[in-house]
$ cat start_33.txt   # compact mmCIF, C-alpha atoms
# COMPACT_ATOMS: atom_id res chain seq x y z
CA MET A 1 -131.04 85.07 22.60
CA LYS A 2 -128.20 87.50 22.48
CA ASP A 3 -125.89 84.90 23.99
CA ASP A 4 -126.76 82.44 21.26
CA GLN A 5 -125.76 84.96 18.62
CA GLN A 6 -122.49 85.73 20.31
CA GLN A 7 -120.93 82.33 20.69
CA ASP A 8 -118.22 83.38 18.29
CA THR A 9 -115.00 84.33 19.99
CA ILE A 10 -113.16 87.63 19.72
CA ASP A 11 -110.76 85.87 17.35
CA ASP A 12 -113.65 85.19 14.97
CA HIS A 13 -114.74 88.80 15.11
CA ARG A 14 -111.26 90.26 14.57
CA GLN A 15 -110.92 88.63 11.12
CA PRO A 16 -110.85 91.40 8.48
CA ALA A 17 -113.16 89.36 6.24
CA ARG A 18 -115.66 89.15 9.11
CA LEU A 19 -115.57 92.88 9.76
CA ARG A 20 -115.99 93.55 6.06
CA ALA A 21 -119.01 91.23 5.90
CA VAL A 22 -120.54 92.97 8.93
CA TYR A 23 -120.25 96.39 7.31
CA ASP A 24 -121.56 95.05 4.00
CA ASP A 25 -124.58 93.71 5.92
CA ILE A 26 -125.34 96.88 7.86
CA ALA A 27 -124.21 99.35 5.15
CA ALA A 28 -127.60 100.82 4.29
CA HIS A 29 -128.73 101.38 7.88
CA PHE A 30 -125.27 102.46 9.03
CA SER A 31 -125.16 105.04 6.26
CA GLU A 32 -128.54 106.49 7.26
CA THR A 33 -127.13 107.25 10.70
CA ARG A 34 -123.96 108.85 9.35
CA ALA A 35 -125.37 111.95 7.69
CA TYR A 36 -123.16 114.67 9.15
CA PRO A 37 -119.42 115.19 9.35
CA TRP A 38 -117.75 115.20 12.74
CA PRO A 39 -116.91 118.69 14.06
CA GLU A 40 -113.33 117.55 14.77
CA VAL A 41 -112.91 116.72 11.08
CA GLU A 42 -114.43 120.06 10.04
CA THR A 43 -112.01 121.90 12.33
CA PHE A 44 -109.06 119.95 10.94
CA LEU A 45 -110.05 120.56 7.31
CA ASP A 46 -110.47 124.28 8.09
CA SER A 47 -106.87 124.29 9.33
CA VAL A 48 -105.19 122.78 6.26
CA SER A 49 -104.15 124.66 3.17
CA GLY A 50 -105.51 122.13 0.69
CA GLY A 51 -103.53 120.35 -2.00
CA ALA A 52 -103.78 118.03 -4.97
CA VAL A 53 -104.87 114.80 -3.29
CA GLY A 54 -106.93 114.07 -0.20
CA LEU A 55 -107.42 110.60 1.27
CA ASP A 56 -110.37 109.57 3.43
CA LEU A 57 -109.25 106.22 4.81
CA GLY A 58 -112.18 104.18 6.09
CA CYS A 59 -114.49 106.54 4.23
CA GLY A 60 -117.72 104.66 4.96
CA ASN A 61 -120.57 106.43 3.18
CA GLY A 62 -118.26 109.29 2.21
CA ARG A 63 -119.57 111.95 4.58
CA HIS A 64 -116.00 113.18 5.18
CA THR A 65 -114.86 112.52 1.59
CA GLU A 66 -117.49 115.04 0.51
CA LEU A 67 -116.02 117.63 2.86
CA LEU A 68 -112.47 116.73 1.78
CA ASP A 69 -113.52 117.35 -1.81
CA THR A 70 -114.00 121.02 -0.90
CA VAL A 71 -110.33 121.47 0.15
CA VAL A 72 -108.35 119.31 -2.33
CA LYS A 73 -108.42 118.89 -6.11
CA ARG A 74 -109.00 115.15 -5.93
CA ALA A 75 -110.63 113.44 -2.96
CA VAL A 76 -110.11 109.68 -2.66
CA GLY A 77 -112.30 107.59 -0.38
CA CYS A 78 -111.05 104.13 0.57
CA ASP A 79 -113.00 101.49 2.49
CA VAL A 80 -112.89 97.75 3.06
CA SER A 81 -116.67 97.40 2.65
CA ARG A 82 -118.03 97.47 -0.89
CA GLY A 83 -121.51 97.91 0.57
CA LEU A 84 -120.43 101.19 2.17
CA LEU A 85 -118.66 102.29 -1.03
CA HIS A 86 -121.92 101.84 -2.91
CA GLU A 87 -123.60 104.06 -0.28
CA ALA A 88 -120.86 106.63 -0.90
CA MET A 89 -121.38 106.45 -4.65
CA THR A 90 -125.12 107.07 -4.21
CA LYS A 91 -124.45 110.06 -1.93
CA MET A 92 -121.98 111.45 -4.43
CA THR A 93 -124.68 111.53 -7.10
CA GLU A 94 -127.34 112.86 -4.68
CA ASN A 95 -125.19 115.61 -3.22
CA ASN A 96 -123.30 116.41 -6.41
CA TRP A 97 -119.69 116.05 -5.32
CA GLU A 98 -116.84 114.26 -7.03
CA GLY A 99 -114.56 111.75 -5.43
CA GLN A 100 -112.69 108.63 -6.38
CA LEU A 101 -113.59 105.48 -4.49
CA LEU A 102 -111.24 102.61 -3.75
CA HIS A 103 -112.03 99.22 -2.28
CA GLY A 104 -108.95 98.69 -0.14
CA ASN A 105 -107.37 97.65 3.10
CA ALA A 106 -106.00 100.29 5.48
CA ALA A 107 -102.85 98.26 6.21
CA THR A 108 -101.88 97.76 2.54
CA LEU A 109 -102.65 101.02 0.75
CA PRO A 110 -102.73 100.98 -3.06
CA LEU A 111 -101.32 104.52 -3.33
CA ASP A 112 -97.86 105.77 -4.27
CA ALA A 113 -95.57 107.29 -1.64
CA ASP A 114 -95.65 111.07 -1.09
CA THR A 115 -98.94 111.64 -2.84
CA VAL A 116 -101.46 112.61 -0.16
CA ASP A 117 -101.64 116.23 0.97
CA VAL A 118 -104.58 115.90 3.35
CA GLY A 119 -105.52 112.69 5.15
CA VAL A 120 -108.58 111.84 7.21
CA TYR A 121 -108.31 108.52 9.02
CA VAL A 122 -111.12 108.58 11.58
CA ALA A 123 -113.07 105.83 13.34
CA THR A 124 -111.34 103.05 11.41
CA LEU A 125 -108.01 102.18 13.05
CA HIS A 126 -109.89 100.64 16.01
CA HIS A 127 -111.39 97.99 13.69
CA LEU A 128 -108.02 96.54 12.65
CA PRO A 129 -107.34 93.08 14.10
CA ASP A 130 -104.12 93.47 16.09
CA LYS A 131 -101.44 95.90 17.15
CA GLU A 132 -99.05 94.91 14.38
CA THR A 133 -101.68 95.60 11.71
CA ARG A 134 -102.70 98.89 13.34
CA VAL A 135 -99.11 100.16 13.45
CA GLU A 136 -98.53 98.93 9.88
CA SER A 137 -101.58 100.88 8.78
CA LEU A 138 -100.24 104.05 10.40
CA ARG A 139 -96.88 103.38 8.72
CA GLU A 140 -98.75 103.19 5.41
CA LEU A 141 -100.38 106.55 6.14
CA SER A 142 -96.91 107.98 6.79
CA ARG A 143 -95.64 106.52 3.51
CA VAL A 144 -98.38 108.05 1.36
CA LEU A 145 -98.36 111.50 3.01
CA SER A 146 -96.50 114.15 1.05
CA ALA A 147 -93.67 116.13 2.67
CA SER A 148 -96.07 118.93 3.62
CA GLY A 149 -99.06 116.61 4.05
CA ARG A 150 -101.06 116.44 7.24
CA ALA A 151 -103.62 113.96 8.51
CA LEU A 152 -106.17 113.62 11.28
CA VAL A 153 -106.32 110.19 12.95
CA SER A 154 -108.93 109.07 15.47
CA ALA A 155 -109.89 105.91 17.33
CA TRP A 156 -112.41 105.08 20.04
CA SER A 157 -110.98 105.80 23.46
CA THR A 158 -111.23 104.25 26.92
CA ALA A 159 -112.31 107.76 27.94
CA HIS A 160 -115.67 107.15 26.25
CA ASP A 161 -118.63 107.15 28.65
CA ARG A 162 -119.80 103.73 27.54
CA PHE A 163 -116.69 101.98 28.83
CA ASN A 164 -115.95 101.46 32.50
CA ALA A 165 -112.27 101.73 31.78
CA ASP A 166 -109.34 103.44 33.41
CA ALA A 167 -108.37 106.14 30.93
CA ASP A 168 -104.91 106.32 32.51
CA ALA A 169 -104.16 102.64 31.86
CA LYS A 170 -101.14 101.85 29.71
CA THR A 171 -102.99 99.68 27.23
CA GLY A 172 -106.54 99.47 25.97
CA PHE A 173 -108.67 96.41 25.36
CA GLU A 174 -110.40 94.37 22.68
CA THR A 175 -114.16 94.10 22.61
CA THR A 176 -117.16 93.78 20.34
CA VAL A 177 -119.74 96.53 20.10
CA ASP A 178 -123.18 95.68 18.78
CA TRP A 179 -124.81 97.44 15.88
CA THR A 180 -128.60 97.24 16.22
CA LEU A 181 -130.53 96.97 12.97
CA PRO A 182 -134.05 98.45 12.67
CA GLY A 183 -135.64 94.99 13.20
CA GLY A 184 -133.79 94.62 16.50
CA GLU A 185 -131.12 92.22 15.25
CA THR A 186 -127.73 92.95 16.73
CA VAL A 187 -124.50 92.57 14.84
CA PRO A 188 -121.24 92.56 16.81
CA ARG A 189 -118.28 94.53 15.45
CA PHE A 190 -114.66 94.09 16.56
CA TYR A 191 -113.01 97.08 18.26
CA TYR A 192 -109.73 97.83 19.91
CA ILE A 193 -110.42 100.55 22.46
CA TYR A 194 -107.34 102.75 22.84
CA THR A 195 -106.03 104.54 25.88
CA PRO A 196 -104.76 107.98 24.89
CA THR A 197 -101.22 106.96 25.93
CA GLU A 198 -101.18 103.84 23.79
CA PHE A 199 -102.72 105.71 20.85
CA GLU A 200 -99.79 108.14 20.87
CA ARG A 201 -97.32 105.32 21.34
CA ASP A 202 -98.62 103.47 18.25
CA LEU A 203 -98.51 106.68 16.23
CA GLU A 204 -94.90 107.22 17.23
CA ALA A 205 -94.01 103.56 16.57
CA SER A 206 -95.29 103.99 13.00
CA GLY A 207 -92.91 106.86 12.31
CA LEU A 208 -95.62 109.51 12.09
CA ALA A 209 -94.81 112.83 13.73
CA VAL A 210 -97.57 113.94 16.10
CA ASP A 211 -98.31 117.67 15.96
CA ASP A 212 -101.18 117.60 18.41
CA SER A 213 -103.23 115.01 20.26
CA PHE A 214 -106.42 115.30 22.26
CA VAL A 215 -109.49 113.43 23.45
CA SER A 216 -112.86 114.63 22.16
CA SER A 217 -116.32 113.01 22.41
CA GLY A 218 -114.79 109.77 23.67
CA ASN A 219 -112.29 109.49 20.83
CA CYS A 220 -108.50 109.81 20.76
CA TYR A 221 -107.43 112.26 18.06
CA ALA A 222 -104.09 113.29 16.64
CA THR A 223 -102.97 115.54 13.83
CA VAL A 224 -99.89 114.01 12.23
CA ARG A 225 -97.23 114.51 9.56
CA ALA A 226 -94.92 112.11 7.83
CA THR A 227 -91.52 112.20 9.47
CA ALA A 228 -89.05 114.45 7.70
CA ASN A 229 -86.11 112.07 8.00
CA ARG A 230 -87.64 108.96 6.50
CA GLN A 231 -85.70 106.97 3.90
CA MET B 29 -112.83 105.52 -11.51
CA ASP B 30 -111.23 108.34 -13.48
CA GLU B 31 -108.31 107.33 -15.63
CA ASP B 32 -106.12 110.01 -14.07
CA LEU B 33 -106.28 108.13 -10.76
CA MET B 34 -103.61 105.92 -12.36
CA ASP B 35 -101.12 108.72 -11.49
CA ILE B 36 -101.25 107.72 -7.83
CA LEU B 37 -102.49 104.10 -7.76
CA CYS B 38 -100.07 101.25 -7.15
CA CYS B 39 -100.10 97.58 -6.23
CA PRO B 40 -101.11 97.30 -2.55
CA LEU B 41 -98.62 94.47 -2.05
CA ASP B 42 -95.34 95.59 -3.62
CA LYS B 43 -96.24 99.22 -4.48
CA HIS B 44 -95.18 98.83 -8.11
CA GLU B 45 -96.95 100.37 -11.09
CA LEU B 46 -100.18 98.99 -12.46
CA GLU B 47 -101.23 98.43 -16.03
CA LEU B 48 -104.79 99.39 -16.89
CA ASP B 49 -107.02 97.35 -19.19
CA VAL B 50 -110.43 98.85 -19.81
CA ASP B 51 -113.44 96.67 -20.62
CA GLU B 52 -116.14 99.31 -20.35
CA ARG B 53 -116.02 103.07 -20.03
CA ASP B 54 -118.32 106.06 -19.96
CA ASP B 55 -116.30 109.09 -21.14
CA GLU B 56 -113.41 109.47 -18.70
CA GLU B 57 -115.02 107.13 -16.18
CA ILE B 58 -113.81 103.51 -16.24
CA LEU B 59 -116.63 101.18 -15.24
CA THR B 60 -115.09 97.74 -15.63
CA GLY B 61 -111.60 96.53 -16.35
CA THR B 62 -108.49 95.29 -14.63
CA LEU B 63 -105.35 96.67 -13.05
CA THR B 64 -102.35 94.35 -13.31
CA CYS B 65 -99.19 94.81 -11.29
CA THR B 66 -96.21 95.20 -13.63
CA GLU B 67 -93.99 93.53 -11.04
CA CYS B 68 -95.87 90.67 -9.34
CA GLY B 69 -98.59 90.16 -11.96
CA GLU B 70 -101.45 90.29 -9.43
CA VAL B 71 -104.70 91.33 -11.13
CA TYR B 72 -107.11 93.77 -9.45
CA PRO B 73 -110.60 93.99 -10.96
CA ILE B 74 -112.49 97.25 -11.50
CA GLU B 75 -116.19 96.62 -10.87
CA ASP B 76 -119.03 99.16 -10.94
CA GLY B 77 -116.43 101.89 -11.39
CA ILE B 78 -114.63 100.98 -8.14
CA PRO B 79 -111.24 99.25 -8.28
CA ASN B 80 -110.96 96.32 -5.89
CA MET B 81 -107.49 96.87 -4.45
CA LEU B 82 -107.86 94.45 -1.55
CA PRO B 83 -104.90 92.11 -1.22
CA PRO B 84 -105.79 88.66 -2.63
CA ASP B 85 -106.11 87.03 0.80
CA MET B 86 -108.82 89.53 1.75
CA ARG B 87 -110.75 89.27 -1.48
CA GLU B 88 -112.57 86.01 -0.88
CA GLU B 89 -116.17 86.16 0.20
CA ALA B 90 -116.40 86.21 3.96
CA PRO B 91 -118.56 84.01 6.13
CA ALA B 92 -121.61 86.12 6.96
$ encode --input "start_33.txt" --output "structure tokens"
Amino acid sequence: MKDDQQQDTIDDHRQPARLRAVYDDIAAHFSETRAYPWPEVETFLDSVSGGAVGLDLGCGNGRHTELLDTVVKRAVGCDVSRGLLHEAMTKMTENNWEGQLLHGNAATLPLDADTVDVGVYVATLHHLPDKETRVESLRELSRVLSASGRALVSAWSTAHDRFNADADAKTGFETTVDWTLPGGETVPRFYYIYTPTEFERDLEASGLAVDDSFVSSGNCYATVRATANRQ
Amino acid sequence: MDEDLMDILCCPLDKHELELDVDERDDEEILTGTLTCTECGEVYPIEDGIPNMLPPDMREEAPA
């Protein structure tokens, strides 16, 4: 049965419109399982000195936008799935926090340059369809970060237990990972699984300056700044 | 969306300024309207208080 559902090729799954439709479909259930912020994000937000604008890129149901709202004046959550943005809007009302939500694409950000003081870009980069788009998205993050702005970026890593991958390999791999809905239906989602080396290489290729990088809970993480010498 | 978000919003394609047209608002909150790029003329709709800033080629309904 599973094979029948997965006749689509990886090229079908990598289409941004496909990924968006998948998250729109699973939004309600996905959101239920995303109640708490990640400790890595909490640690990062504890380390920043705040600012005027915070951006949660790939905000999903807004669990990190809510936290971001406690350290910046204006927290902006951006996601490609309108279904997830509606989940975020509901949570905002329930939990009484204030953020601005944007329906947008991580590789073409609708924000002015030098405006973001604190960025959170976690568990999203790995959904972008190809290397060029992923690096472009990181370049966009660099563009919108203010001179003193800092961001936390994460992506799923080959070091994760679920993959039988060589974490020391030069490049990662493309795959689909199933989301299982309560009724048992599985929905494949496109992922690019990064090796820590390639993750850093893509960050550097984008022009971001990497302050720190580490692997935690099967994810590659980096804290980054916009480069000082950009045009 | 709050109107003061206009301070930092731009066209996702060419990064130029946007012009806001409000159809429906609730105090400071804009519920429906449009954002039009002052350079390329692309129109981005605001629906349910959330601006749709996806580039036009990503806006079409996807195959489920």
$ closest_residue --input "start_33.txt" --among "A:Ala17, A:Ala222, A:Leu181, A:Val122" --to "chain B" --atoms "all atoms listed in the file"
A:Ala17
$ residues_around --input "start_33.txt" --residues "Asp130 (chain A)" --least-positions-apart "5" --cutoff "9 Å" --atoms "all atoms listed in the file" --output "tab-separated table (two decimals) with C-alpha atoms, in the coordinates of the input"
chain	number	residue	atom	x	y	z
A	14	ARG	CA	-111.26	90.26	14.57
A	135	VAL	CA	-99.11	100.16	13.45
A	192	TYR	CA	-109.73	97.83	19.91
$ residues_around --input "start_33.txt" --residues "Ala123 (chain A)" --least-positions-apart "2" --cutoff "8 Å" --atoms "all atoms listed in the file" --output "ChimeraX atom specification"
/A:58,121,125-126,154-156
$ atom_distance --input "start_33.txt" --atom1 "CA of Asp30 (chain B)" --atom2 "CA of Glu56 (chain B)"
5.8 Å
$ closest_residue --input "start_33.txt" --among "A:Asp114, A:Asp11, A:Asp69, A:Asp46" --to "chain B" --atoms "all atoms listed in the file"
A:Asp114
$ interface_residues --input "start_33.txt" --of "chain B" --to "chain A" --cutoff "12 Å" --atoms "all atoms listed in the file" --output "PyMOL selection string"
chain B and resi 29-46+57-59+63+65+72-92
$ write_last_selection --input "start_33.txt" --atoms "C-alpha atoms" --output "compact mmCIF listing (two decimals), in the frame of the given file"
# COMPACT_ATOMS: atom_id res chain seq x y z
CA MET B 29 -112.83 105.52 -11.51
CA ASP B 30 -111.23 108.34 -13.48
CA GLU B 31 -108.31 107.33 -15.63
CA ASP B 32 -106.12 110.01 -14.07
CA LEU B 33 -106.28 108.13 -10.76
CA MET B 34 -103.61 105.92 -12.36
CA ASP B 35 -101.12 108.72 -11.49
CA ILE B 36 -101.25 107.72 -7.83
CA LEU B 37 -102.49 104.10 -7.76
CA CYS B 38 -100.07 101.25 -7.15
CA CYS B 39 -100.10 97.58 -6.23
CA PRO B 40 -101.11 97.30 -2.55
CA LEU B 41 -98.62 94.47 -2.05
CA ASP B 42 -95.34 95.59 -3.62
CA LYS B 43 -96.24 99.22 -4.48
CA HIS B 44 -95.18 98.83 -8.11
CA GLU B 45 -96.95 100.37 -11.09
CA LEU B 46 -100.18 98.99 -12.46
CA GLU B 57 -115.02 107.13 -16.18
CA ILE B 58 -113.81 103.51 -16.24
CA LEU B 59 -116.63 101.18 -15.24
CA LEU B 63 -105.35 96.67 -13.05
CA CYS B 65 -99.19 94.81 -11.29
CA TYR B 72 -107.11 93.77 -9.45
CA PRO B 73 -110.60 93.99 -10.96
CA ILE B 74 -112.49 97.25 -11.50
CA GLU B 75 -116.19 96.62 -10.87
CA ASP B 76 -119.03 99.16 -10.94
CA GLY B 77 -116.43 101.89 -11.39
CA ILE B 78 -114.63 100.98 -8.14
CA PRO B 79 -111.24 99.25 -8.28
CA ASN B 80 -110.96 96.32 -5.89
CA MET B 81 -107.49 96.87 -4.45
CA LEU B 82 -107.86 94.45 -1.55
CA PRO B 83 -104.90 92.11 -1.22
CA PRO B 84 -105.79 88.66 -2.63
CA ASP B 85 -106.11 87.03 0.80
CA MET B 86 -108.82 89.53 1.75
CA ARG B 87 -110.75 89.27 -1.48
CA GLU B 88 -112.57 86.01 -0.88
CA GLU B 89 -116.17 86.16 0.20
CA ALA B 90 -116.40 86.21 3.96
CA PRO B 91 -118.56 84.01 6.13
CA ALA B 92 -121.61 86.12 6.96
$ atom_distance --input "start_33.txt" --atom1 "CA of Glu132 (chain A)" --atom2 "CA of Tyr23 (chain A)"
22.4 Å
$ atom_distance --input "start_33.txt" --atom1 "CA of Glu94 (chain A)" --atom2 "CA of Glu66 (chain A)"
11.3 Å
$ axis_aligned_box --input "start_33.txt" --around "region 65-73 of chain B" --padding-each-side "4 Å" --output "AutoDock Vina command-line options"
--center_x -102.3 --center_y 92.7 --center_z -11.5 --size_x 24.6 --size_y 13.0 --size_z 12.3
$ closest_residue --input "start_33.txt" --among "A:Glu174, A:Glu185, A:Asp56, A:Glu200" --to "Leu141 (chain A)" --atoms "all atoms listed in the file"
A:Asp56
$ residues_around --input "start_33.txt" --residues "Val71 (chain A)" --least-positions-apart "3" --cutoff "12 Å" --atoms "all atoms listed in the file" --output "VMD selection string"
chain A and resid 42 44 to 55 64 to 68 74 to 75 99 117 to 119
$ residues_around --input "start_33.txt" --residues "Ser217 (chain A)" --least-positions-apart "3" --cutoff "9 Å" --atoms "only C-alpha atoms" --output "PyMOL selection string"
chain A and resi 159-161+220
